[in-house]
Structure formats: structure tokens, C-alpha cells
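Colleague: Handing over start.txt, compact mmCIF, C-alpha atoms.
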```txt
# COMPACT_ATOMS: atom_id res chain seq x y z
CA MET A 1 -14.89 5.62 -9.76
CA GLY A 2 -12.77 4.94 -12.86
CA PHE A 3 -12.16 8.46 -14.20
CA PHE A 4 -8.83 7.58 -15.85
CA SER A 5 -10.15 7.45 -19.41
CA ALA A 6 -11.72 10.84 -18.86
CA VAL A 7 -8.39 12.21 -17.67
CA LYS A 8 -6.67 11.08 -20.86
CA LYS A 9 -9.54 12.40 -22.98
CA PHE A 10 -9.39 15.77 -21.27
CA PHE A 11 -5.68 16.27 -21.81
CA GLY A 12 -5.71 14.58 -25.19
CA ALA A 13 -7.89 17.42 -26.48
CA LYS A 14 -5.24 19.98 -25.54
CA ASP A 15 -3.95 20.54 -29.08
CA GLU A 16 -7.21 20.36 -30.99
CA ALA A 17 -7.71 23.40 -33.20
CA ASP A 18 -10.69 25.68 -32.64
CA ALA A 19 -11.52 23.93 -29.33
CA PRO A 20 -11.97 26.57 -26.61
CA ALA A 21 -10.44 25.49 -23.28
CA GLN A 22 -13.56 26.34 -21.32
CA ASP A 23 -15.82 24.05 -23.38
CA ALA A 24 -14.94 21.03 -21.19
CA VAL A 25 -16.82 22.41 -18.21
CA SER A 26 -18.76 25.42 -19.53
CA THR A 27 -22.41 25.62 -18.45
CA GLN A 28 -23.00 29.29 -19.34
CA GLN A 29 -26.55 30.58 -19.62
CA PRO A 30 -27.74 33.31 -22.03
CA GLU A 31 -25.96 36.60 -21.31
CA ALA A 32 -29.08 38.38 -20.16
CA GLN A 33 -29.67 35.80 -17.43
CA VAL A 34 -26.16 35.72 -16.01
CA SER A 35 -25.47 37.77 -12.89
CA VAL A 36 -22.32 39.75 -12.18
CA ALA A 37 -21.38 37.14 -9.55
CA GLN A 38 -21.82 34.37 -12.11
CA HIS A 39 -19.52 36.22 -14.49
CA ALA A 40 -16.89 36.39 -11.75
CA ASP A 41 -17.22 32.66 -11.07
CA ASP A 42 -16.96 31.84 -14.77
CA ASN A 43 -13.88 34.00 -15.15
CA GLU A 44 -12.21 32.32 -12.17
CA ASN A 45 -13.08 28.87 -13.49
CA ASP A 46 -11.76 29.72 -16.94
CA ALA A 47 -8.51 30.91 -15.39
CA LEU A 48 -8.24 27.73 -13.30
CA LEU A 49 -8.91 25.60 -16.35
CA VAL A 50 -6.19 27.31 -18.36
CA ARG A 51 -3.73 26.72 -15.52
CA LEU A 52 -4.76 23.06 -15.13
CA ARG A 53 -4.19 22.44 -18.82
CA SER A 54 -0.84 24.24 -18.83
CA VAL A 55 0.92 22.05 -16.24
CA GLU A 56 2.28 18.54 -16.62
CA PRO A 57 -0.72 16.21 -16.13
CA ARG A 58 -0.10 15.00 -12.61
CA LEU A 59 -2.51 14.84 -9.74
CA SER A 60 -0.11 16.65 -7.42
CA ASN A 61 0.16 19.54 -9.90
CA TRP A 62 -3.61 19.83 -10.24
CA LEU A 63 -4.11 19.83 -6.48
CA GLU A 64 -1.44 22.51 -6.08
CA ILE A 65 -3.52 24.77 -8.31
CA ILE A 66 -6.94 23.83 -6.92
CA LEU A 67 -5.92 24.23 -3.27
CA GLU A 68 -4.00 27.46 -3.73
CA ASP A 69 -5.13 30.03 -1.13
CA VAL A 70 -7.66 27.55 0.30
CA PRO A 71 -6.47 26.79 3.86
CA VAL A 72 -9.71 25.36 5.28
CA THR A 73 -12.77 23.34 4.20
CA ASN A 74 -15.01 26.27 3.31
CA ASP A 75 -17.37 26.62 0.36
CA LEU A 76 -14.45 27.60 -1.87
CA PHE A 77 -12.68 24.33 -1.05
CA TRP A 78 -15.65 22.18 -2.06
CA ASN A 79 -16.34 24.26 -5.17
CA ARG A 80 -12.72 23.95 -6.27
CA LEU A 81 -12.67 20.21 -5.69
CA ARG A 82 -15.91 19.76 -7.59
CA PHE A 83 -14.51 21.89 -10.38
CA LEU A 84 -11.42 19.67 -10.66
CA LEU A 85 -13.54 16.53 -10.99
CA SER A 86 -15.77 18.31 -13.50
CA ALA A 87 -12.72 19.34 -15.51
CA LEU A 88 -11.72 15.67 -15.58
CA GLN A 89 -15.21 14.88 -16.88
CA ALA A 90 -16.09 12.72 -13.92
CA PRO A 91 -19.74 11.61 -13.95
CA GLN A 92 -21.89 13.86 -11.79
CA ASP A 93 -23.31 11.05 -9.67
CA GLU A 94 -19.86 9.59 -8.95
CA THR A 95 -18.54 13.03 -8.10
CA ASP A 96 -21.37 13.51 -5.61
CA VAL A 97 -20.63 10.16 -3.98
CA PHE A 98 -16.91 10.92 -3.77
CA LEU A 99 -17.40 14.36 -2.22
CA LYS A 100 -20.04 13.16 0.24
CA ALA A 101 -17.85 10.29 1.41
CA PHE A 102 -14.88 12.59 1.87
CA GLN A 103 -16.96 15.17 3.72
CA ASP A 104 -18.29 12.49 6.08
CA TRP A 105 -14.75 11.28 6.74
CA LEU A 106 -13.54 14.80 7.53
CA GLU A 107 -16.36 15.24 10.02
CA ARG A 108 -15.59 11.94 11.73
CA MET A 109 -11.90 12.80 11.95
CA GLU A 110 -12.69 16.42 12.96
CA TYR A 111 -10.35 17.83 10.31
CA SER A 112 -10.90 21.32 8.91
CA HIS A 113 -7.45 22.59 7.86
CA VAL A 114 -6.25 21.40 4.45
CA ASP A 115 -2.73 20.70 5.73
CA GLU A 116 -4.21 18.06 8.07
CA PHE A 117 -5.62 15.91 5.28
CA ARG A 118 -3.97 16.96 2.02
CA SER A 119 -2.10 13.70 1.56
CA GLU A 120 -5.30 11.82 2.35
CA LEU A 121 -7.17 13.73 -0.35
CA GLN A 122 -4.47 12.99 -2.90
CA TYR A 123 -4.54 9.32 -1.91
CA ARG A 124 -8.32 9.11 -2.42
CA LEU A 125 -8.18 10.89 -5.74
CA ALA A 126 -5.27 8.71 -6.89
CA LEU A 127 -7.32 5.57 -6.31
CA ALA A 128 -10.41 7.07 -7.93
CA LEU A 129 -8.47 8.31 -10.94
CA ASP A 130 -6.29 5.20 -11.26
CA LEU A 131 -3.16 7.29 -10.76
CA GLU A 132 -1.70 5.52 -7.73
CA ASP A 133 1.65 4.86 -9.41
CA GLU A 134 2.16 8.45 -10.48
CA GLU A 135 5.89 9.26 -10.52
CA ASP A 136 5.88 12.03 -7.92
CA GLU A 137 3.73 9.95 -5.57
CA ARG A 138 6.16 7.04 -5.92
CA ASN A 139 9.04 9.38 -5.19
CA ARG A 140 7.30 10.56 -2.02
CA LEU A 141 6.76 6.98 -0.92
CA MET A 142 10.34 6.13 -1.81
CA LEU A 143 11.54 8.78 0.62
CA LYS A 144 9.33 7.35 3.36
CA LEU A 145 10.58 3.87 2.61
CA ARG A 146 14.20 5.01 2.71
CA ASP A 147 13.60 6.72 6.04
CA GLY A 148 12.01 3.58 7.45
CA LEU A 149 14.90 1.41 6.30
CA ALA A 150 17.57 3.90 7.39
CA ARG A 151 18.95 1.65 10.14
CA THR A 152 19.44 -1.39 7.91
CA ARG A 153 20.44 0.61 4.84
CA GLU A 154 23.16 2.49 6.69
CA GLN A 155 24.63 -0.76 7.91
CA LEU A 156 24.29 -2.61 4.63
CA SER A 157 25.03 0.15 2.13
CA ARG A 158 28.08 1.44 4.01
CA GLY A 159 29.34 -2.12 4.39
CA LEU A 160 28.87 -2.77 0.67
CA ASP A 161 30.74 0.40 -0.24
CA ASN A 162 33.67 -0.58 1.96
CA LEU A 163 33.60 -4.13 0.66
CA PHE A 164 33.61 -3.10 -3.00
CA SER A 165 36.40 -0.58 -2.56
CA SER A 166 38.67 -2.94 -0.61
CA HIS A 167 38.55 -5.87 -3.04
CA GLY A 168 39.86 -6.02 -6.55
CA GLN A 169 38.10 -9.23 -7.49
CA LEU A 170 35.28 -11.55 -6.46
CA ASP A 171 37.44 -14.00 -4.53
CA GLN A 172 36.64 -16.19 -1.52
CA HIS A 173 37.52 -13.43 0.93
CA PHE A 174 34.99 -11.14 -0.77
CA TRP A 175 32.16 -13.68 -0.49
CA ASP A 176 33.00 -14.49 3.13
CA GLU A 177 32.87 -10.82 4.08
CA LEU A 178 29.64 -10.32 2.13
CA GLU A 179 28.04 -13.21 4.03
CA GLU A 180 29.05 -11.65 7.34
CA LEU A 181 27.66 -8.30 6.22
CA PHE A 182 24.30 -9.87 5.37
CA ILE A 183 24.10 -11.51 8.79
CA MET A 184 24.76 -8.18 10.49
CA ALA A 185 22.02 -6.56 8.35
CA ASP A 186 19.24 -8.78 9.79
CA LEU A 187 19.05 -11.31 6.97
CA GLY A 188 19.85 -14.12 9.37
CA TYR A 189 22.44 -16.89 9.08
CA GLU A 190 20.62 -19.29 6.75
CA THR A 191 19.33 -16.55 4.44
CA SER A 192 22.77 -14.93 4.24
CA ILE A 193 24.38 -18.20 3.14
CA LYS A 194 21.71 -18.78 0.49
CA MET A 195 21.96 -15.21 -0.79
CA VAL A 196 25.72 -15.43 -1.21
CA GLU A 197 25.33 -18.76 -3.03
CA ARG A 198 22.83 -17.23 -5.44
CA LEU A 199 25.07 -14.23 -6.09
CA ARG A 200 28.13 -16.39 -6.68
CA GLU A 201 26.24 -18.55 -9.16
CA ARG A 202 24.89 -15.52 -10.96
CA ALA A 203 28.29 -13.84 -11.11
CA ALA A 204 29.86 -17.01 -12.56
CA LYS A 205 27.07 -17.37 -15.11
CA GLU A 206 27.37 -13.73 -16.17
CA LYS A 207 31.20 -13.91 -16.09
CA ILE A 208 31.33 -11.01 -13.63
CA THR A 209 34.61 -10.50 -11.74
CA ASP A 210 34.43 -6.82 -10.78
CA PRO A 211 33.22 -6.29 -7.18
CA GLN A 212 31.64 -2.99 -8.24
CA ALA A 213 29.09 -4.97 -10.24
CA ALA A 214 27.99 -6.99 -7.21
CA ARG A 215 25.54 -4.32 -6.05
CA GLY A 216 23.71 -4.52 -9.37
CA LEU A 217 23.62 -8.32 -9.09
CA LEU A 218 22.16 -7.99 -5.61
CA ARG A 219 19.44 -5.65 -6.90
CA LEU A 220 18.53 -8.16 -9.61
CA GLU A 221 18.41 -11.04 -7.13
CA LEU A 222 16.16 -9.09 -4.79
CA GLU A 223 13.84 -8.24 -7.65
CA GLU A 224 13.44 -11.94 -8.41
CA ILE A 225 12.99 -12.86 -4.75
CA PHE A 226 10.23 -10.28 -4.29
CA ARG A 227 8.43 -10.96 -7.57
CA LEU A 228 4.79 -11.92 -6.96
CA PRO A 229 3.97 -15.43 -8.18
CA PRO A 230 1.28 -15.89 -10.85
CA GLY A 231 -2.11 -16.97 -9.62
CA ILE A 232 -5.86 -16.72 -10.07
CA ARG A 233 -6.88 -13.33 -8.70
CA ALA A 234 -10.62 -13.57 -9.33
CA VAL A 235 -12.78 -14.93 -6.50
CA ASN A 236 -16.35 -16.04 -5.98
CA LYS A 237 -17.91 -13.06 -4.21
CA PRO A 238 -17.70 -12.16 -1.41
CA GLU A 239 -13.93 -12.25 -1.13
CA VAL A 240 -12.97 -13.47 2.35
CA VAL A 241 -9.72 -12.32 3.93
CA LEU A 242 -8.50 -13.96 7.13
CA MET A 243 -6.21 -11.64 9.10
CA ILE A 244 -3.56 -13.37 11.23
CA GLY A 245 -0.79 -12.06 13.47
CA VAL A 246 0.41 -11.92 17.05
CA ASN A 247 -0.70 -9.13 19.33
CA GLY A 248 1.10 -5.83 18.89
CA VAL A 249 2.09 -6.09 15.23
CA GLY A 250 -0.49 -3.54 14.06
CA LYS A 251 -3.07 -6.02 12.81
CA THR A 252 -6.11 -3.99 13.84
CA THR A 253 -5.02 -0.80 12.09
CA THR A 254 -3.88 -2.84 9.07
CA ILE A 255 -7.38 -4.29 8.75
CA ALA A 256 -8.79 -0.76 8.89
CA LYS A 257 -6.37 0.43 6.20
CA LEU A 258 -7.18 -2.49 3.91
CA ALA A 259 -10.90 -1.94 4.42
CA TYR A 260 -10.41 1.72 3.71
CA ARG A 261 -8.72 1.00 0.38
CA GLU A 262 -11.58 -1.29 -0.62
CA LYS A 263 -14.18 1.31 0.37
CA LEU A 264 -12.46 3.90 -1.79
CA LEU A 265 -12.67 1.45 -4.69
CA GLY A 266 -16.44 1.39 -4.22
CA LYS A 267 -16.74 -2.01 -2.54
CA LYS A 268 -19.17 -3.01 0.17
CA VAL A 269 -17.00 -4.02 3.12
CA LEU A 270 -17.70 -6.07 6.24
CA ILE A 271 -15.28 -6.42 9.18
CA ALA A 272 -15.77 -9.26 11.66
CA ALA A 273 -14.17 -9.30 15.13
CA ALA A 274 -13.28 -12.95 15.74
CA ASP A 275 -10.59 -12.06 18.28
CA THR A 276 -13.16 -12.43 21.04
CA PHE A 277 -10.58 -13.10 23.75
CA ARG A 278 -9.67 -9.41 24.00
CA ALA A 279 -12.57 -7.06 24.61
CA ALA A 280 -10.33 -4.07 23.91
CA ALA A 281 -9.43 -5.47 20.50
CA VAL A 282 -13.10 -5.82 19.55
CA GLU A 283 -13.86 -2.30 20.72
CA GLN A 284 -10.89 -0.83 18.86
CA LEU A 285 -11.78 -2.65 15.65
CA GLY A 286 -15.34 -1.35 15.92
CA VAL A 287 -14.07 2.22 16.20
CA TRP A 288 -11.91 1.79 13.12
CA ALA A 289 -14.75 0.20 11.14
CA ASP A 290 -16.90 3.23 11.92
CA ARG A 291 -14.14 5.62 10.85
CA VAL A 292 -13.62 3.99 7.47
CA GLY A 293 -17.32 3.44 6.86
CA ALA A 294 -17.34 -0.36 6.91
CA ARG A 295 -20.02 -2.63 8.39
CA PHE A 296 -18.95 -4.24 11.66
CA HIS A 297 -19.99 -7.55 13.21
CA ALA A 298 -19.03 -8.68 16.72
CA ARG A 299 -20.35 -10.56 19.72
CA GLU A 300 -19.77 -10.47 23.43
CA PRO A 301 -16.23 -11.03 24.78
CA GLY A 302 -15.36 -14.71 25.08
CA ALA A 303 -17.79 -15.83 22.36
CA ASP A 304 -16.75 -18.65 20.05
CA PRO A 305 -14.58 -17.06 17.30
CA ALA A 306 -15.73 -19.60 14.70
CA SER A 307 -19.34 -18.65 15.43
CA VAL A 308 -18.54 -14.99 14.83
CA ALA A 309 -16.96 -15.92 11.49
CA TRP A 310 -20.00 -18.05 10.56
CA GLU A 311 -22.42 -15.23 11.37
CA ALA A 312 -20.31 -12.74 9.43
CA MET A 313 -20.37 -14.96 6.37
CA ASP A 314 -24.13 -15.33 6.71
CA ILE A 315 -24.49 -11.53 6.71
CA ALA A 316 -22.05 -11.11 3.80
CA LEU A 317 -23.85 -13.63 1.60
CA ARG A 318 -27.33 -12.44 2.50
CA GLU A 319 -26.58 -8.73 2.04
CA ASN A 320 -24.30 -9.08 -0.98
CA PHE A 321 -21.05 -7.74 0.46
CA ASP A 322 -18.01 -7.58 -1.82
CA ILE A 323 -15.30 -8.34 0.74
CA VAL A 324 -15.08 -9.58 4.33
CA PHE A 325 -12.12 -9.07 6.67
CA ILE A 326 -12.06 -11.45 9.63
CA ASP A 327 -9.81 -10.57 12.55
CA THR A 328 -8.40 -13.49 14.55
CA ALA A 329 -6.75 -13.92 17.93
CA GLY A 330 -3.07 -13.12 18.22
CA ARG A 331 -2.46 -15.15 21.34
CA LEU A 332 -4.17 -17.96 23.23
CA GLN A 333 -2.97 -20.11 26.10
CA THR A 334 -0.74 -22.23 23.87
CA LYS A 335 0.43 -22.13 20.26
CA VAL A 336 -1.40 -25.39 19.62
CA ASN A 337 -4.59 -23.86 20.95
CA LEU A 338 -4.21 -20.85 18.70
CA MET A 339 -3.54 -22.89 15.58
CA GLU A 340 -6.51 -25.15 16.29
CA GLU A 341 -8.72 -22.10 16.61
CA LEU A 342 -7.49 -20.69 13.30
CA SER A 343 -8.04 -24.05 11.62
CA LYS A 344 -11.59 -24.19 12.99
CA ILE A 345 -12.37 -20.72 11.65
CA ARG A 346 -11.07 -21.66 8.22
CA GLN A 347 -13.16 -24.81 8.13
CA VAL A 348 -16.31 -22.96 9.16
CA ILE A 349 -15.78 -20.27 6.53
CA GLY A 350 -15.14 -22.88 3.84
CA LYS A 351 -18.36 -24.74 4.64
CA LYS A 352 -20.39 -21.56 4.51
CA HIS A 353 -18.73 -20.19 1.37
CA PRO A 354 -16.84 -22.73 -0.81
CA GLY A 355 -13.36 -21.53 -1.72
CA ALA A 356 -13.07 -19.23 1.28
CA PRO A 357 -10.97 -17.88 2.82
CA HIS A 358 -9.47 -16.61 -0.40
CA ARG A 359 -6.52 -14.90 1.30
CA ASN A 360 -4.81 -15.71 4.60
CA ILE A 361 -2.77 -12.63 5.43
CA LEU A 362 -0.09 -12.64 8.12
CA VAL A 363 0.81 -9.23 9.54
CA LEU A 364 4.43 -8.94 10.66
CA ASP A 365 6.16 -6.18 12.62
CA ALA A 366 9.29 -5.23 10.64
CA THR A 367 11.05 -3.99 13.78
CA THR A 368 11.23 -7.48 15.31
CA GLY A 369 13.79 -8.88 12.87
CA GLN A 370 14.33 -12.63 13.01
CA ASN A 371 11.38 -13.06 15.38
CA ALA A 372 9.15 -12.09 12.45
CA LEU A 373 10.76 -14.85 10.39
CA SER A 374 9.92 -17.47 13.02
CA GLN A 375 6.31 -16.21 13.11
CA ALA A 376 6.07 -16.52 9.34
CA LYS A 377 7.27 -20.12 9.43
CA LEU A 378 4.93 -21.06 12.29
CA PHE A 379 1.79 -19.54 10.81
CA LYS A 380 2.52 -20.71 7.28
CA ASP A 381 2.89 -24.32 8.40
CA ALA A 382 -0.09 -24.34 10.75
CA ALA A 383 -2.54 -21.75 9.43
CA GLY A 384 -2.09 -21.76 5.66
CA VAL A 385 -0.72 -18.23 5.36
CA ASN A 386 -0.28 -17.25 1.71
CA GLU A 387 0.38 -13.50 1.92
CA LEU A 388 2.39 -11.10 4.08
CA ILE A 389 2.05 -7.49 5.16
CA LEU A 390 5.04 -5.78 6.79
CA THR A 391 4.15 -3.01 9.23
CA LYS A 392 6.15 -0.32 11.06
CA LEU A 393 8.53 0.43 8.24
CA ASP A 394 8.44 4.03 9.44
CA GLY A 395 10.84 3.64 12.35
CA THR A 396 13.65 1.31 13.36
CA ALA A 397 12.69 -1.36 10.87
CA LYS A 398 15.00 -4.33 10.39
CA GLY A 399 14.59 -4.44 6.64
CA GLY A 400 16.60 -7.60 6.11
CA VAL A 401 13.74 -9.66 7.50
CA ALA A 402 11.74 -8.97 4.33
CA ILE A 403 14.43 -10.70 2.29
CA ALA A 404 14.61 -13.56 4.77
CA VAL A 405 10.86 -14.19 4.79
CA ALA A 406 10.56 -14.01 1.01
CA MET A 407 13.48 -16.40 0.50
CA GLN A 408 12.91 -18.83 3.34
CA GLU A 409 9.12 -19.15 3.29
CA LYS A 410 8.49 -18.13 -0.32
CA LEU A 411 5.60 -15.93 0.81
CA PRO A 412 4.73 -12.85 -1.26
CA ILE A 413 4.76 -9.46 0.47
CA THR A 414 1.76 -7.52 -0.84
CA PHE A 415 1.63 -4.38 1.33
CA VAL A 416 3.91 -2.40 3.63
CA GLY A 417 2.97 0.00 6.42
CA LEU A 418 4.88 3.28 6.19
CA GLY A 419 3.10 5.26 8.89
CA GLU A 420 -0.01 5.76 10.98
CA LYS A 421 -2.29 7.40 8.41
CA MET A 422 -4.79 5.46 6.32
CA GLU A 423 -2.87 6.24 3.11
CA ASP A 424 0.38 4.91 4.59
CA LEU A 425 -0.44 1.29 3.77
CA ARG A 426 0.92 0.89 0.26
CA PRO A 427 1.30 -1.94 -2.28
CA PHE A 428 4.73 -3.53 -1.95
CA ASN A 429 7.14 -2.90 -4.81
CA GLY A 430 10.16 -5.18 -4.64
CA ASP A 431 12.32 -3.02 -6.88
CA ASP A 432 11.61 0.10 -4.82
CA PHE A 433 12.35 -1.82 -1.63
CA ALA A 434 15.65 -3.11 -2.98
CA ARG A 435 16.65 0.37 -4.15
CA ALA A 436 15.79 1.86 -0.76
CA LEU A 437 17.72 -0.88 1.03
CA VAL A 438 20.94 -1.26 -0.98
CA GLY A 439 20.94 1.74 -3.32
CA GLY A 440 22.68 1.64 -6.66
CA ASP A 441 21.38 0.61 -10.05
CA LYS A 442 20.45 -2.96 -10.90
CA ASN A 443 22.10 -2.42 -14.32
CA GLU A 444 25.48 -1.56 -12.79
CA TYR A 445 26.77 -5.04 -13.48
CA GLY A 446 26.11 -4.54 -17.21
CA ALA A 447 28.27 -1.45 -17.31
CA ALA A 448 31.00 -3.29 -15.43
CA LYS A 449 30.91 -6.10 -17.99
CA GLU A 450 31.21 -3.69 -20.91
CA SER A 451 34.20 -1.98 -19.34
CA LYS A 452 36.17 -5.23 -19.27
```
Write the structure described by the file as C-alpha cells, please.

Modeller:
Amino acid sequence: MGFFSAVKKFFGAKDEADAPAQDAVSTQQPEAQVSVAQHADDNENDALLVRLRSVEPRLSNWLEIILEDVPVTNDLFWNRLRFLLSALQAPQDETDVFLKAFQDWLERMEYSHVDEFRSELQYRLALALDLEDEEDERNRLMLKLRDGLARTREQLSRGLDNLFSSHGQLDQHFWDELEELFIMADLGYETSIKMVERLRERAAKEKITDPQAARGLLRLELEEIFRLPPGIRAVNKPEVVLMIGVNGVGKTTTIAKLAYREKLLGKKVLIAAADTFRAAAVEQLGVWADRVGARFHAREPGADPASVAWEAMDIALRENFDIVFIDTAGRLQTKVNLMEELSKIRQVIGKKHPGAPHRNILVLDATTGQNALSQAKLFKDAAGVNELILTKLDGTAKGGVAIAVAMQEKLPITFVGLGEKMEDLRPFNGDDFARALVGGDKNEYGAAKESK
């Protein structure tokens, strides 16, 4: 929708002299034509507007005011929500589209109580208003990320604390114990050795000798490891995304969540079920496509997956879709068979639409630890994977595998799954992940240097 400039304009006018607060949304008629009920509505709206302008300009603050004493989706709920978008000077036609889409979604999900979908509403508005990185929203996600990484963080952070307190200098014994700690925290043997080497080199270069500064060095290293590489982001429409991953990693729901994000950004989305070897997978994907409002293309169970991909591309090109998500099989009779099938799909897509697929996304289950690392290596070598999504970071995740995959396979992690809801698939932030995993401040090493 792109209301962000309107948001800034609205709040930027806060200090203008002689500018009545109600002017931003006032539509008053001549006094003689206004009913008593209309006066009451105007008075309530004026009061709401004053409150909206008085709080710190954050989406969460605005929603707190708008949804006050509105427990269910009655007429008051819709009027309040429309009023908020009007106060932000959202175009009328875009407001209508937003509200209709949200109402349709509520009906499909059979939600009526605000507590059931409040986070979903904030998520949709955040995308529409370009406020996804709002500080309080990031803090909420940080808590979820910390909870998901609790198992690994407890092991790693406690071990680091003990290690730092028991050593007076960065000697060989310190590095040996740090390597062992990394191995125990799911980084794996090879990754642990490489990480210690990088930290030792950095410490020597920075002339760091205080063990207390090592946590800050680790944070800096992780930030570099997770940094997304530069690349051409623009694509020749439609953008084609090939979804890859073994059965059980959450690939189907991840496709739905990605499609959902694109729908909220106003894109025309097509989902193709090329995992034709599992009838249940096709059926489930169709249900999700209907829930998120995406077009769905499938054929009978056992059909040629490459043919499904070809037909989907034909539809996408003919009907001017913006983005196509193509699901693929997670298991065939042999690994060779699976990789050949993926290669065939890629070739078919490329012939139909030069440059496609534009993204080959591998979905990995973060609870599987080093098994996820082996999957990343296998699919990268054989299927051209160039992007990763880590799912199930809401439970007993083995967070060290993210470091291992990023270091060993040099594959960027673009999204992480933090829960079951649509809004729980979030863009990956390497600095947030490192902070949730090891704690501390990445600038700690600077303070340690100055104290010497």
C-alpha cells in the first residue's frame, strides 16, 4: 500500500501553528444537516485523533488506542480501523482493499475475537505502512528468537561466562576450551575449528588479550558470517521461486507464509504443487493457497512434476502473475532420482522463462542440528540452492547449525520461522540472531582495549 510517507506527513504536522488536529480527517457537513449521532461520532473521532497524536508514533501505540474496549469484530472495530488508516491519510481505494482482504481472511480463519488475530493485524499493517522494523516489534521478535534458541544459548552463554571468568589471558588453553564449547553447542567439529581460527586471527590483529573481550569478537564475527552478499535483486517478471527441502521440515507452511507476505505487498501470487508423489502434500498446499488468497495449480497424484512446473509458468506468463512459488518433492526412491527431478524442473522453467528460477530456496529444520548441514551441502551441490530458510526456531532449536551452514556452505539465511502463525516467518537479522545466541555487546572488545 505504501502509506509510510503519509505517516510522516501526518505526524510532521504536529507542531504547525493554527492547524486544528481534526483537520486531517474532518468531513463535517453544515451544522444544520448534522444529526446528534453524527456529533457524537465526530466528538469520539476528535478525541481519538488527539490521543493518536499525543503518543510516540509507533504502530503498536496506535493499535492500543484504536482497539481499546473493542473485544470483537463488530461495526465499532471496522470503523476504528478505517479511522486509523484515514488518520494516516491512506488513499480511500487502498484502504478499502486492505480492509476487504483482512475481513475475508478473518472469515476464512473463523476469527472474531481481537485477541485471536491482534498480532496478525499488526503484522499486516506493518507491511502496508513500511514499519516492519519498528523497535517494539523487533523487541517482540527478539524475545521469540531468544526463547527458540534457549537450549543452545544456555549451553553456549553459560560456557562462555565460565570460560571468560576462569582465564586471565587468551592462551592456548582458552582457545582449546572455546573450540570444545562450540562443538557442544551444535556448531560441529569443522565449523568450530574454523571459528576459533578466525577469532584468534582477529584477536591478534586487534591486539586483544583480555578474555572478556572475546564475546564481543564473537558477535562481530557472526555479524560478518551472516551478512547477505551483494547481488542483483531485480528480476524479469514473474519472479520464480523453487522451494526445496526434505519432508517434514515445514516446507509447505513456509511456502504459504512467503506467499502471504507477497500478497500483503499487493502482488499477484501463484503456487504450483510439483510434489506430485504425495497426494496429501498437494491437498495441504491447496488448502494453504486458499487461506492466503493465492492462485493454486496442481494435477493428479503421480503426474510429471516438470509438467506441472511448465503449466504453472504458462499460466503465470499468460495471466501476468508477479511471483510463482513451485513446491518440489522432498523424497524420492533415491537421492540421485530426487536431484535429477529437481534438475529437470529447473531446466523446464528456464526454457519457458529465461533467467528462472530466480531463487532456489532450501528449507531446513533448525531442530535437526548437523543433519541440516548435510542437507544444505547435498542440495547446494546438486540442486543449485542459493538461499536458506530456517524453520522451527520456536522450540528445541539447535541454533549452532545456522552458523555452521553460513560458514561451511556460504549460503545466506533470508528468513526464520518463529512459530505457526503466518506472521511468524520473519526476515533473518544476523545481528539479532547473534545477540539472542551469545548475548553481550559486539563493542565489548573495544571497551576492553581501552581499559588496557

Colleague: Figure out the distance between CA of Pro427 (chain A) and CA of Gly266 (chain A), please, to one decimal in Å.

Modeller: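 If I compute the distance from CA of Gly266 (chain A) to CA of Pro427 (chain A), I get 18.2 Å.
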
Colleague: Taking 6 positions as the minimum chain separation for residues in the same chain, which residues sit within 12 Å of Asn320 (chain A) when counting only C-alpha atoms? Answer as a list in words.

Modeller: Asn236, Lys237, Pro238, Glu239, Lys267, Lys268, Val269, Leu270, Ala312, Met313 and Asp314 of chain A

Colleague: Let me make sure I understand: among A:Glu116, A:Asp327, A:Glu177, A:Glu420, which one has the smallest atom-to-atom distance to Gly286 (chain A) if we use all atoms listed in the file?

Modeller: A:Asp327

Colleague: Give as a PyMOL selection string each residue that has an atom at most 10 Å from (-7.6, 10.3, -1.7) in the file, counting all atoms listed in the file.

Modeller: chain A and resi 98+102+117-129+132+261+264+422-423

Colleague: What is the distance, in Å and to one decimal place, between CA of Asp176 (chain A) and CA of Phe433 (chain A)?

Modeller: 24.7 Å

Colleague: Which residue gives the smallest distance to Leu373 (chain A) among A:Ala289, A:Leu160, A:Ala213, A:Leu187, with all atoms listed in the file counted?

Modeller: A:Leu187

Colleague: Do you have the CA of Pro412 (chain A)-CA of Phe226 (chain A) distance handy?

Modeller: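 Computed distance, CA of Pro412 (chain A) to CA of Phe226 (chain A), equals 6.8 Å.
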
Colleague: Set the distance at 12 Å and use all atoms listed in the file: which residues neighbour Met195 (chain A) once local chain neighbours fewer than 4 positions away are removed? I'd like the list as a ChimeraX atom specification.

Modeller: /A:175-176,178-183,187-191,199-202,217-222,224-225,400,403-404,406-408

Colleague: With distances taken over only C-alpha atoms, which residue among A:Val249, A:Val438, A:Val292, A:Ala274 lies nearest Asn371 (chain A)?

Modeller: A:Val249

Colleague: Would you please work out which residue, of A:Gln370, A:Ala185, A:Asp431, A:Ala298, is nearest to Glu154 (chain A) when using all atoms listed in the file?

Modeller: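 Ranking A:Gln370, A:Ala185, A:Asp431, A:Ala298 by distance to Glu154 (chain A), first place goes to A:Ala185.
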
Colleague: Counting all atoms listed in the file, which of A:Leu85, A:Thr73, A:Gly369, A:Asp104 gets nearest to Leu49 (chain A)?

Modeller: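 Smallest separation from Leu49 (chain A) among the options: A:Leu85.
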
Colleague: Can you rebuild region 397-405 of chain A with N, CA, C and O atoms and give it as a tab-separated table (two decimals), in the coordinates of the input?

Modeller:
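Below is the file part.tsv, written as the result:
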```tsv
chain	number	residue	atom	x	y	z
A	397	ALA	N	12.97	-0.08	11.53
A	397	ALA	CA	12.69	-1.36	10.87
A	397	ALA	C	13.98	-2.12	10.60
A	397	ALA	O	15.01	-1.55	10.27
A	398	LYS	N	13.90	-3.44	10.73
A	398	LYS	CA	15.00	-4.33	10.39
A	398	LYS	C	14.68	-4.91	9.01
A	398	LYS	O	14.09	-5.98	8.89
A	399	GLY	N	15.04	-4.14	7.99
A	399	GLY	CA	14.59	-4.44	6.64
A	399	GLY	C	15.04	-5.77	6.09
A	399	GLY	O	14.40	-6.32	5.19
A	400	GLY	N	16.13	-6.32	6.62
A	400	GLY	CA	16.60	-7.60	6.11
A	400	GLY	C	15.62	-8.73	6.30
A	400	GLY	O	15.66	-9.72	5.57
A	401	VAL	N	14.69	-8.58	7.25
A	401	VAL	CA	13.74	-9.66	7.50
A	401	VAL	C	12.81	-9.86	6.30
A	401	VAL	O	12.33	-10.98	6.06
A	402	ALA	N	12.57	-8.82	5.53
A	402	ALA	CA	11.74	-8.97	4.33
A	402	ALA	C	12.38	-9.92	3.34
A	402	ALA	O	11.71	-10.77	2.74
A	403	ILE	N	13.69	-9.80	3.18
A	403	ILE	CA	14.43	-10.70	2.29
A	403	ILE	C	14.39	-12.13	2.84
A	403	ILE	O	14.15	-13.09	2.11
A	404	ALA	N	14.59	-12.24	4.15
A	404	ALA	CA	14.61	-13.56	4.77
A	404	ALA	C	13.28	-14.28	4.62
A	404	ALA	O	13.22	-15.46	4.27
A	405	VAL	N	12.20	-13.57	4.88
A	405	VAL	CA	10.86	-14.19	4.79
A	405	VAL	C	10.56	-14.60	3.35
A	405	VAL	O	10.05	-15.70	3.10
```
